[in-house]
Protein chains: 2
Amino acid sequence: MLTIGETAELLGISAHTLRYYEKEQIVVPHREPGGDRRYDESHIGWLKFVIKLKETQMPIAAIRKYAALAAEGDHTSEDRLNLLAEHKRSIRAQLETLQAADEMLERKIAGYRTFIHS
Amino acid sequence: MLTIGETAELLGISAHTLRYYEKEQIVVPHREPGGDRRYDESHIGWLKFVIKLKETQMPIAAIRKYAALAAEGDHTSEDRLNLLAEHKRSIRAQLETLQAADEMLERKIAGYRTFIHS
DNA sequence: ATATTGATTAGAGCGTACTCTAAGTCAAGT
DNA sequence: ACTTGACTTAGAGTACGCTCTAATCAATAT
C-alpha cells in the first residue's frame, strides 16, 4: 500500500495528477483513518494501463467511461471490449498518419541534403 | 489566388484558424487593396506541409520557428534540416509507443474475448 | 518544543491550440 | 436602396489536461 507520493514517484507522474485522476473518477484509492490516500497493487496496475492509453492519445473522458464500466462489474465486459477495439482502430489510424509523415520527412530531408551539399 | 474562405475549404480547416496561423507568423498571405487576404500556390503548399507536421504533434511554436528560418533565406537550410531531422526522431518514438500500445491492446482484447465466450 | 516533511482540501491558474464574438467594411446582385 | 455574404479587427472565451496555491493538519526528527 503506497502513499500518493510513492505512487507518483513509481509511475513518473505528480501527486497533483493522481488527485486530478481521482476527481475525474479514474482511480479511487483507499483512505487511511487520517484521510491519506493509499494505492494498492490493483490501483498501480490500472494506472499503468491508463498511462499507456494516454500515451496513445485516448482522452480522459474515454478513460473515465472505461473505468466506470469496469467498476460496474463483469456484465459490462462486452462494452469495454468494444471501447478498446475502437481505440485500437484509432491507434492504427495514427500509425498510418505517422508513417506517411515519416516518409514525407525522409524525402524532404533528402532534398535538403542535396541542396546543402550542392 | 484564393480568399481565406476558399483556402479554409480547400484545406479542411477554418478561416479562424488561418487568421490564427497568421497571428502566429506561420503563414503571411498577400493582401488585396481592400485588406482581404489572398493565398497563392506557395501558401497552399506550405499550409499542407504545416498540417502534416501538426498531424504528427509538432507544436505550433516549433512550426513557427521553422517558418521563421525559411523566411530568413537559403542560409538557414541546415538549421531547418536539423529541425526536421529531430522531429523525425520524435515521430519514430511515437511510432514505437503506438506499436507497443497496439500489441498491449491486442492481448487485452483477446483476454476479453476468452472471458466473454466462456 | 520546534521544524521539517508529507499529506489534506477547494478552488484558481496555466499552456496549447484554437474558436468565437462584436462591430464594422465592402462589393455584387435584385 | 437594400440585402447578402464574405471579409476585416481586437480581444474574449473554450476545452483539455494538468499544475499550482493557500491554508491546514499530523507524524517524525532534532
# chains A, B, ... in the order shown; residues from 1 in each chain; ligands from 1
call {"tool": "closest_atom_pairs", "arguments": {"of": "chain D", "to": "chain B", "cutoff": "12 Å", "atoms": "only C-alpha atoms (C1' of nucleotides)", "output": "Markdown table"}}
result
| residue | atom | partner | partner_atom | distance |
| --- | --- | --- | --- | --- |
| D:DG5 | C1' | B:Gly5 | CA | 11.3 |
| D:DA6 | C1' | B:Gly5 | CA | 7.8 |
| D:DC7 | C1' | B:Asp36 | CA | 6.3 |
| D:DT8 | C1' | B:Gly35 | CA | 7.3 |
| D:DT9 | C1' | B:Arg19 | CA | 10.9 |
| D:DA10 | C1' | B:Lys23 | CA | 11.9 |
call {"tool": "write_last_selection", "arguments": {"atoms": "all heavy atoms", "output": "short mmCIF file (atom, residue, chain, number, x, y, z; two decimals), in the first residue's frame"}}
result
data_model
loop_
_atom_site.label_atom_id
_atom_site.label_comp_id
_atom_site.auth_asym_id
_atom_site.auth_seq_id
_atom_site.Cartn_x
_atom_site.Cartn_y
_atom_site.Cartn_z
P DG D 5 -26.82 34.85 -48.04
OP1 DG D 5 -27.25 33.63 -48.76
OP2 DG D 5 -27.15 35.03 -46.60
"O5'" DG D 5 -25.25 35.00 -48.23
"C5'" DG D 5 -24.71 35.28 -49.53
"C4'" DG D 5 -23.26 35.69 -49.36
"O4'" DG D 5 -23.19 37.10 -49.00
"C3'" DG D 5 -22.55 34.93 -48.24
"O3'" DG D 5 -21.36 34.39 -48.77
"C2'" DG D 5 -22.28 35.98 -47.18
"C1'" DG D 5 -22.22 37.26 -48.00
N9 DG D 5 -22.53 38.47 -47.25
C8 DG D 5 -23.46 38.63 -46.24
N7 DG D 5 -23.50 39.85 -45.76
C5 DG D 5 -22.54 40.53 -46.50
C6 DG D 5 -22.14 41.89 -46.43
O6 DG D 5 -22.55 42.78 -45.70
N1 DG D 5 -21.13 42.17 -47.36
C2 DG D 5 -20.59 41.26 -48.25
N2 DG D 5 -19.64 41.70 -49.06
N3 DG D 5 -20.97 40.00 -48.32
C4 DG D 5 -21.94 39.70 -47.41
P DA D 6 -20.54 33.31 -47.93
OP1 DA D 6 -20.61 32.01 -48.63
OP2 DA D 6 -20.92 33.39 -46.49
"O5'" DA D 6 -19.10 33.92 -48.09
"C5'" DA D 6 -18.72 34.59 -49.28
"C4'" DA D 6 -17.67 35.63 -48.95
"O4'" DA D 6 -18.31 36.81 -48.41
"C3'" DA D 6 -16.69 35.16 -47.86
"O3'" DA D 6 -15.34 35.27 -48.32
"C2'" DA D 6 -16.95 36.08 -46.69
"C1'" DA D 6 -17.51 37.31 -47.37
N9 DA D 6 -18.33 38.12 -46.46
C8 DA D 6 -19.30 37.67 -45.60
N7 DA D 6 -19.83 38.61 -44.85
C5 DA D 6 -19.16 39.75 -45.25
C6 DA D 6 -19.26 41.09 -44.83
N6 DA D 6 -20.10 41.51 -43.89
N1 DA D 6 -18.45 41.99 -45.42
C2 DA D 6 -17.60 41.57 -46.37
N3 DA D 6 -17.42 40.33 -46.85
C4 DA D 6 -18.24 39.46 -46.24
P DC D 7 -14.16 34.73 -47.44
OP1 DC D 7 -13.12 34.28 -48.37
OP2 DC D 7 -14.70 33.80 -46.42
"O5'" DC D 7 -13.64 36.04 -46.67
"C5'" DC D 7 -12.93 37.02 -47.42
"C4'" DC D 7 -13.06 38.39 -46.76
"O4'" DC D 7 -14.40 38.62 -46.33
"C3'" DC D 7 -12.29 38.57 -45.44
"O3'" DC D 7 -10.90 38.77 -45.72
"C2'" DC D 7 -12.92 39.85 -44.94
"C1'" DC D 7 -14.38 39.75 -45.46
N1 DC D 7 -15.40 39.55 -44.39
C2 DC D 7 -15.79 40.66 -43.61
O2 DC D 7 -15.25 41.75 -43.84
N3 DC D 7 -16.72 40.51 -42.64
C4 DC D 7 -17.27 39.30 -42.44
N4 DC D 7 -18.20 39.20 -41.49
C5 DC D 7 -16.89 38.16 -43.22
C6 DC D 7 -15.95 38.33 -44.16
P DT D 8 -9.89 38.75 -44.51
OP1 DT D 8 -8.54 38.96 -45.09
OP2 DT D 8 -10.17 37.56 -43.70
"O5'" DT D 8 -10.28 40.04 -43.65
"C5'" DT D 8 -9.88 41.34 -44.11
"C4'" DT D 8 -10.22 42.39 -43.06
"O4'" DT D 8 -11.65 42.43 -42.86
"C3'" DT D 8 -9.67 42.11 -41.67
"O3'" DT D 8 -8.32 42.52 -41.58
"C2'" DT D 8 -10.59 42.99 -40.82
"C1'" DT D 8 -11.93 42.87 -41.54
N1 DT D 8 -12.87 41.89 -40.92
C2 DT D 8 -13.70 42.34 -39.91
O2 DT D 8 -13.68 43.47 -39.47
N3 DT D 8 -14.57 41.39 -39.41
C4 DT D 8 -14.69 40.08 -39.83
O4 DT D 8 -15.52 39.34 -39.32
C5 DT D 8 -13.77 39.67 -40.88
C7 DT D 8 -13.81 38.26 -41.38
C6 DT D 8 -12.92 40.59 -41.37
P DT D 9 -7.43 41.90 -40.44
OP1 DT D 9 -6.03 42.29 -40.72
OP2 DT D 9 -7.77 40.47 -40.30
"O5'" DT D 9 -7.93 42.65 -39.13
"C5'" DT D 9 -7.80 44.07 -39.04
"C4'" DT D 9 -8.42 44.54 -37.73
"O4'" DT D 9 -9.83 44.21 -37.73
"C3'" DT D 9 -7.84 43.81 -36.51
"O3'" DT D 9 -6.86 44.64 -35.92
"C2'" DT D 9 -9.01 43.62 -35.57
"C1'" DT D 9 -10.24 43.78 -36.44
N1 DT D 9 -11.03 42.53 -36.63
C2 DT D 9 -12.21 42.39 -35.94
O2 DT D 9 -12.63 43.22 -35.15
N3 DT D 9 -12.90 41.23 -36.18
C4 DT D 9 -12.52 40.22 -37.04
O4 DT D 9 -13.23 39.22 -37.19
C5 DT D 9 -11.27 40.42 -37.74
C7 DT D 9 -10.77 39.38 -38.68
C6 DT D 9 -10.59 41.55 -37.50
P DA D 10 -5.83 44.04 -34.85
OP1 DA D 10 -4.64 44.92 -34.82
OP2 DA D 10 -5.68 42.59 -35.07
"O5'" DA D 10 -6.65 44.22 -33.49
"C5'" DA D 10 -7.29 45.46 -33.18
"C4'" DA D 10 -8.10 45.28 -31.92
"O4'" DA D 10 -9.22 44.40 -32.20
"C3'" DA D 10 -7.32 44.63 -30.78
"O3'" DA D 10 -7.64 45.31 -29.57
"C2'" DA D 10 -7.76 43.18 -30.78
"C1'" DA D 10 -9.18 43.25 -31.36
N9 DA D 10 -9.50 42.08 -32.21
C8 DA D 10 -8.69 41.48 -33.12
N7 DA D 10 -9.24 40.47 -33.74
C5 DA D 10 -10.51 40.39 -33.19
C6 DA D 10 -11.61 39.53 -33.43
N6 DA D 10 -11.58 38.53 -34.31
N1 DA D 10 -12.74 39.73 -32.71
C2 DA D 10 -12.77 40.73 -31.83
N3 DA D 10 -11.81 41.62 -31.53
C4 DA D 10 -10.69 41.39 -32.25
#
call {"tool": "select_by_dssp", "arguments": {"residues": "chain B", "states": "alpha helix (DSSP H)", "output": "number ranges by chain"}}
result
B: 4-11, 15-23, 41-55, 60-72, 77-116
call {"tool": "write_last_selection", "arguments": {"atoms": "C-alpha atoms", "output": "JSON list (two decimals), in the first residue's frame"}}
result
[["chain", "number", "residue", "atom", "x", "y", "z"],
["B", 4, "ILE", "CA", -9.47, 32.96, -46.84],
["B", 5, "GLY", "CA", -12.78, 31.11, -47.17],
["B", 6, "GLU", "CA", -11.73, 29.17, -50.24],
["B", 7, "THR", "CA", -8.37, 28.33, -48.68],
["B", 8, "ALA", "CA", -10.03, 27.13, -45.50],
["B", 9, "GLU", "CA", -12.46, 25.00, -47.50],
["B", 10, "LEU", "CA", -9.68, 23.52, -49.63],
["B", 11, "LEU", "CA", -7.53, 22.60, -46.64],
["B", 15, "ALA", "CA", -10.85, 30.71, -41.64],
["B", 16, "HIS", "CA", -10.44, 31.46, -37.93],
["B", 17, "THR", "CA", -7.55, 29.03, -37.83],
["B", 18, "LEU", "CA", -5.91, 30.65, -40.85],
["B", 19, "ARG", "CA", -6.05, 34.05, -39.14],
["B", 20, "TYR", "CA", -4.64, 32.43, -36.01],
["B", 21, "TYR", "CA", -1.77, 30.96, -38.03],
["B", 22, "GLU", "CA", -1.08, 34.39, -39.43],
["B", 23, "LYS", "CA", -1.03, 35.93, -35.95],
["B", 41, "GLU", "CA", 0.01, 28.18, -54.56],
["B", 42, "SER", "CA", 3.07, 28.56, -52.37],
["B", 43, "HIS", "CA", 0.92, 29.40, -49.33],
["B", 44, "ILE", "CA", -1.25, 26.37, -50.01],
["B", 45, "GLY", "CA", 1.74, 24.06, -50.35],
["B", 46, "TRP", "CA", 3.26, 25.39, -47.17],
["B", 47, "LEU", "CA", -0.04, 25.03, -45.29],
["B", 48, "LYS", "CA", -0.40, 21.43, -46.44],
["B", 49, "PHE", "CA", 3.07, 20.78, -45.05],
["B", 50, "VAL", "CA", 2.15, 22.55, -41.79],
["B", 51, "ILE", "CA", -0.94, 20.37, -41.48],
["B", 52, "LYS", "CA", 1.18, 17.24, -41.92],
["B", 53, "LEU", "CA", 3.53, 18.44, -39.20],
["B", 54, "LYS", "CA", 0.60, 19.17, -36.91],
["B", 55, "GLU", "CA", -0.83, 15.70, -37.50],
["B", 60, "ILE", "CA", 2.88, 25.47, -33.20],
["B", 61, "ALA", "CA", 5.98, 27.07, -31.65],
["B", 62, "ALA", "CA", 8.29, 24.68, -33.49],
["B", 63, "ILE", "CA", 6.44, 25.20, -36.75],
["B", 64, "ARG", "CA", 6.72, 28.96, -36.26],
["B", 65, "LYS", "CA", 10.46, 28.58, -35.73],
["B", 66, "TYR", "CA", 10.78, 26.56, -38.91],
["B", 67, "ALA", "CA", 8.74, 29.15, -40.81],
["B", 68, "ALA", "CA", 10.94, 31.95, -39.47],
["B", 69, "LEU", "CA", 14.06, 30.15, -40.66],
["B", 70, "ALA", "CA", 12.57, 29.54, -44.08],
["B", 71, "ALA", "CA", 11.66, 33.24, -44.34],
["B", 72, "GLU", "CA", 15.24, 34.20, -43.49],
["B", 77, "SER", "CA", 18.65, 25.42, -44.63],
["B", 78, "GLU", "CA", 20.98, 23.47, -42.39],
["B", 79, "ASP", "CA", 19.10, 24.62, -39.29],
["B", 80, "ARG", "CA", 15.84, 23.66, -40.94],
["B", 81, "LEU", "CA", 17.24, 20.28, -41.84],
["B", 82, "ASN", "CA", 18.21, 19.72, -38.21],
["B", 83, "LEU", "CA", 14.77, 20.76, -37.03],
["B", 84, "LEU", "CA", 13.10, 18.30, -39.38],
["B", 85, "ALA", "CA", 15.54, 15.52, -38.52],
["B", 86, "GLU", "CA", 14.81, 16.00, -34.85],
["B", 87, "HIS", "CA", 11.10, 15.92, -35.47],
["B", 88, "LYS", "CA", 11.53, 12.76, -37.49],
["B", 89, "ARG", "CA", 13.10, 11.15, -34.42],
["B", 90, "SER", "CA", 10.07, 12.20, -32.38],
["B", 91, "ILE", "CA", 7.84, 10.54, -34.98],
["B", 92, "ARG", "CA", 9.87, 7.35, -34.66],
["B", 93, "ALA", "CA", 9.39, 7.44, -30.89],
["B", 94, "GLN", "CA", 5.66, 7.96, -31.34],
["B", 95, "LEU", "CA", 5.55, 5.01, -33.72],
["B", 96, "GLU", "CA", 7.22, 2.77, -31.16],
["B", 97, "THR", "CA", 4.86, 3.88, -28.40],
["B", 98, "LEU", "CA", 1.84, 3.24, -30.61],
["B", 99, "GLN", "CA", 3.09, -0.14, -31.74],
["B", 100, "ALA", "CA", 3.63, -1.24, -28.15],
["B", 101, "ALA", "CA", 0.16, 0.01, -27.19],
["B", 102, "ASP", "CA", -1.36, -1.73, -30.18],
["B", 103, "GLU", "CA", 0.13, -5.04, -29.09],
["B", 104, "MET", "CA", -0.91, -4.49, -25.50],
["B", 105, "LEU", "CA", -4.48, -3.82, -26.59],
["B", 106, "GLU", "CA", -4.44, -6.86, -28.85],
["B", 107, "ARG", "CA", -3.59, -9.03, -25.84],
["B", 108, "LYS", "CA", -6.16, -7.29, -23.63],
["B", 109, "ILE", "CA", -8.87, -7.66, -26.26],
["B", 110, "ALA", "CA", -8.02, -11.33, -26.73],
["B", 111, "GLY", "CA", -8.40, -11.74, -22.98],
["B", 112, "TYR", "CA", -11.85, -10.16, -23.04],
["B", 113, "ARG", "CA", -12.95, -12.39, -25.89],
["B", 114, "THR", "CA", -11.91, -15.50, -23.95],
["B", 115, "PHE", "CA", -13.77, -14.23, -20.92],
["B", 116, "ILE", "CA", -16.94, -13.28, -22.75]]
call {"tool": "select_by_dssp", "arguments": {"residues": "segment 10-60 of chain A", "states": "strand (DSSP E or B)", "output": "MDAnalysis selection string"}}
result
chainID A and resid 30:31 37:39
call {"tool": "interface_residues", "arguments": {"of": "chain C", "to": "chain A", "cutoff": "12 Å", "atoms": "only C-alpha atoms (C1' of nucleotides)", "output": "list in words"}}
result
DT5, DG6, DA7, DT8, DT9 and DA10 of chain C
call {"tool": "write_last_selection", "arguments": {"atoms": "N, CA, C and O atoms (P, O5', C5', C4', C3', O3' and C1' of nucleotides)", "output": "PDB file, in the first residue's frame"}}
result
ATOM      1  P    DT C   5      12.732  19.057   4.886  1.00  0.00           P
ATOM      2  O5'  DT C   5      11.620  17.916   4.782  1.00  0.00           O
ATOM      3  C5'  DT C   5      11.649  16.789   5.678  1.00  0.00           C
ATOM      4  C4'  DT C   5      10.368  15.985   5.490  1.00  0.00           C
ATOM      5  C3'  DT C   5       9.801  16.028   4.066  1.00  0.00           C
ATOM      6  O3'  DT C   5       9.590  14.691   3.641  1.00  0.00           O
ATOM      7  C1'  DT C   5       8.107  16.556   5.642  1.00  0.00           C
ATOM      8  P    DG C   6       9.281  14.423   2.087  1.00  0.00           P
ATOM      9  O5'  DG C   6       7.745  14.052   2.183  1.00  0.00           O
ATOM     10  C5'  DG C   6       7.299  13.026   3.082  1.00  0.00           C
ATOM     11  C4'  DG C   6       5.795  13.150   3.236  1.00  0.00           C
ATOM     12  C3'  DG C   6       5.061  13.348   1.898  1.00  0.00           C
ATOM     13  O3'  DG C   6       4.044  12.360   1.763  1.00  0.00           O
ATOM     14  C1'  DG C   6       4.322  14.905   3.501  1.00  0.00           C
ATOM     15  P    DA C   7       3.297  12.145   0.415  1.00  0.00           P
ATOM     16  O5'  DA C   7       1.823  12.637   0.787  1.00  0.00           O
ATOM     17  C5'  DA C   7       1.016  11.843   1.642  1.00  0.00           C
ATOM     18  C4'  DA C   7       0.079  12.718   2.443  1.00  0.00           C
ATOM     19  C3'  DA C   7      -1.063  13.384   1.670  1.00  0.00           C
ATOM     20  O3'  DA C   7      -2.095  12.446   1.412  1.00  0.00           O
ATOM     21  C1'  DA C   7      -0.205  14.801   3.389  1.00  0.00           C
ATOM     22  P    DT C   8      -3.221  12.837   0.406  1.00  0.00           P
ATOM     23  O5'  DT C   8      -4.048  13.978   1.154  1.00  0.00           O
ATOM     24  C5'  DT C   8      -4.881  13.633   2.268  1.00  0.00           C
ATOM     25  C4'  DT C   8      -5.628  14.848   2.769  1.00  0.00           C
ATOM     26  C3'  DT C   8      -6.414  15.602   1.689  1.00  0.00           C
ATOM     27  O3'  DT C   8      -7.689  15.008   1.499  1.00  0.00           O
ATOM     28  C1'  DT C   8      -5.189  17.145   3.031  1.00  0.00           C
ATOM     29  P    DT C   9      -8.416  15.253   0.140  1.00  0.00           P
ATOM     30  O5'  DT C   9      -8.949  16.750   0.287  1.00  0.00           O
ATOM     31  C5'  DT C   9      -9.865  17.085   1.345  1.00  0.00           C
ATOM     32  C4'  DT C   9     -10.163  18.572   1.289  1.00  0.00           C
ATOM     33  C3'  DT C   9     -10.653  19.033  -0.074  1.00  0.00           C
ATOM     34  O3'  DT C   9     -12.067  19.130  -0.049  1.00  0.00           O
ATOM     35  C1'  DT C   9      -8.875  20.457   0.714  1.00  0.00           C
ATOM     36  P    DA C  10     -12.881  19.266  -1.407  1.00  0.00           P
ATOM     37  O5'  DA C  10     -12.898  20.846  -1.635  1.00  0.00           O
ATOM     38  C5'  DA C  10     -13.220  21.727  -0.555  1.00  0.00           C
ATOM     39  C4'  DA C  10     -12.997  23.157  -1.016  1.00  0.00           C
ATOM     40  C3'  DA C  10     -13.650  23.478  -2.366  1.00  0.00           C
ATOM     41  O3'  DA C  10     -14.256  24.764  -2.289  1.00  0.00           O
ATOM     42  C1'  DA C  10     -11.279  23.762  -2.518  1.00  0.00           C
TER      43       DA C  10
END
call {"tool": "atom_distance", "arguments": {"atom1": "atom CA of Leu2 of chain B", "atom2": "atom CA of Arg38 of chain B"}}
result
5.3 Å
call {"tool": "atom_distance", "arguments": {"atom1": "atom C1' of DT19 of chain C", "atom2": "atom CA of Gln57 of chain A"}}
result
21.6 Å
call {"tool": "decode", "arguments": {"residues": "chain C", "atoms": "C-alpha atoms (C1' of nucleotides)", "output": "PDB file, in the first residue's frame"}}
result
ATOM      1  C1'  DA C   1       9.326  22.455  21.705  1.00  0.00           C
ATOM      2  C1'  DT C   2      10.109  23.322  17.119  1.00  0.00           C
ATOM      3  C1'  DA C   3      10.999  22.319  12.446  1.00  0.00           C
ATOM      4  C1'  DT C   4      10.549  19.563   8.590  1.00  0.00           C
ATOM      5  C1'  DT C   5       8.107  16.556   5.642  1.00  0.00           C
ATOM      6  C1'  DG C   6       4.322  14.905   3.501  1.00  0.00           C
ATOM      7  C1'  DA C   7      -0.205  14.801   3.389  1.00  0.00           C
ATOM      8  C1'  DT C   8      -5.189  17.145   3.031  1.00  0.00           C
ATOM      9  C1'  DT C   9      -8.875  20.457   0.714  1.00  0.00           C
ATOM     10  C1'  DA C  10     -11.279  23.762  -2.518  1.00  0.00           C
ATOM     11  C1'  DG C  11     -10.518  26.286  -5.960  1.00  0.00           C
ATOM     12  C1'  DA C  12      -7.654  29.249  -9.030  1.00  0.00           C
ATOM     13  C1'  DG C  13      -4.388  29.442 -12.847  1.00  0.00           C
ATOM     14  C1'  DC C  14      -1.819  27.867 -16.949  1.00  0.00           C
ATOM     15  C1'  DG C  15      -0.327  26.382 -21.779  1.00  0.00           C
ATOM     16  C1'  DT C  16      -1.834  24.899 -26.136  1.00  0.00           C
ATOM     17  C1'  DA C  17      -4.495  25.487 -29.968  1.00  0.00           C
ATOM     18  C1'  DC C  18      -7.943  27.029 -31.385  1.00  0.00           C
ATOM     19  C1'  DT C  19     -12.856  29.167 -31.716  1.00  0.00           C
ATOM     20  C1'  DC C  20     -15.902  32.630 -31.401  1.00  0.00           C
ATOM     21  C1'  DT C  21     -17.975  37.448 -30.717  1.00  0.00           C
ATOM     22  C1'  DA C  22     -18.878  42.138 -31.688  1.00  0.00           C
ATOM     23  C1'  DA C  23     -18.835  45.671 -34.537  1.00  0.00           C
ATOM     24  C1'  DG C  24     -17.848  47.038 -38.763  1.00  0.00           C
ATOM     25  C1'  DT C  25     -16.399  47.462 -44.105  1.00  0.00           C
ATOM     26  C1'  DC C  26     -17.052  46.470 -48.853  1.00  0.00           C
ATOM     27  C1'  DA C  27     -18.598  44.640 -53.380  1.00  0.00           C
ATOM     28  C1'  DA C  28     -22.089  42.443 -56.016  1.00  0.00           C
ATOM     29  C1'  DG C  29     -26.810  41.226 -57.080  1.00  0.00           C
ATOM     30  C1'  DT C  30     -32.095  42.397 -57.230  1.00  0.00           C
TER      31       DT C  30
END
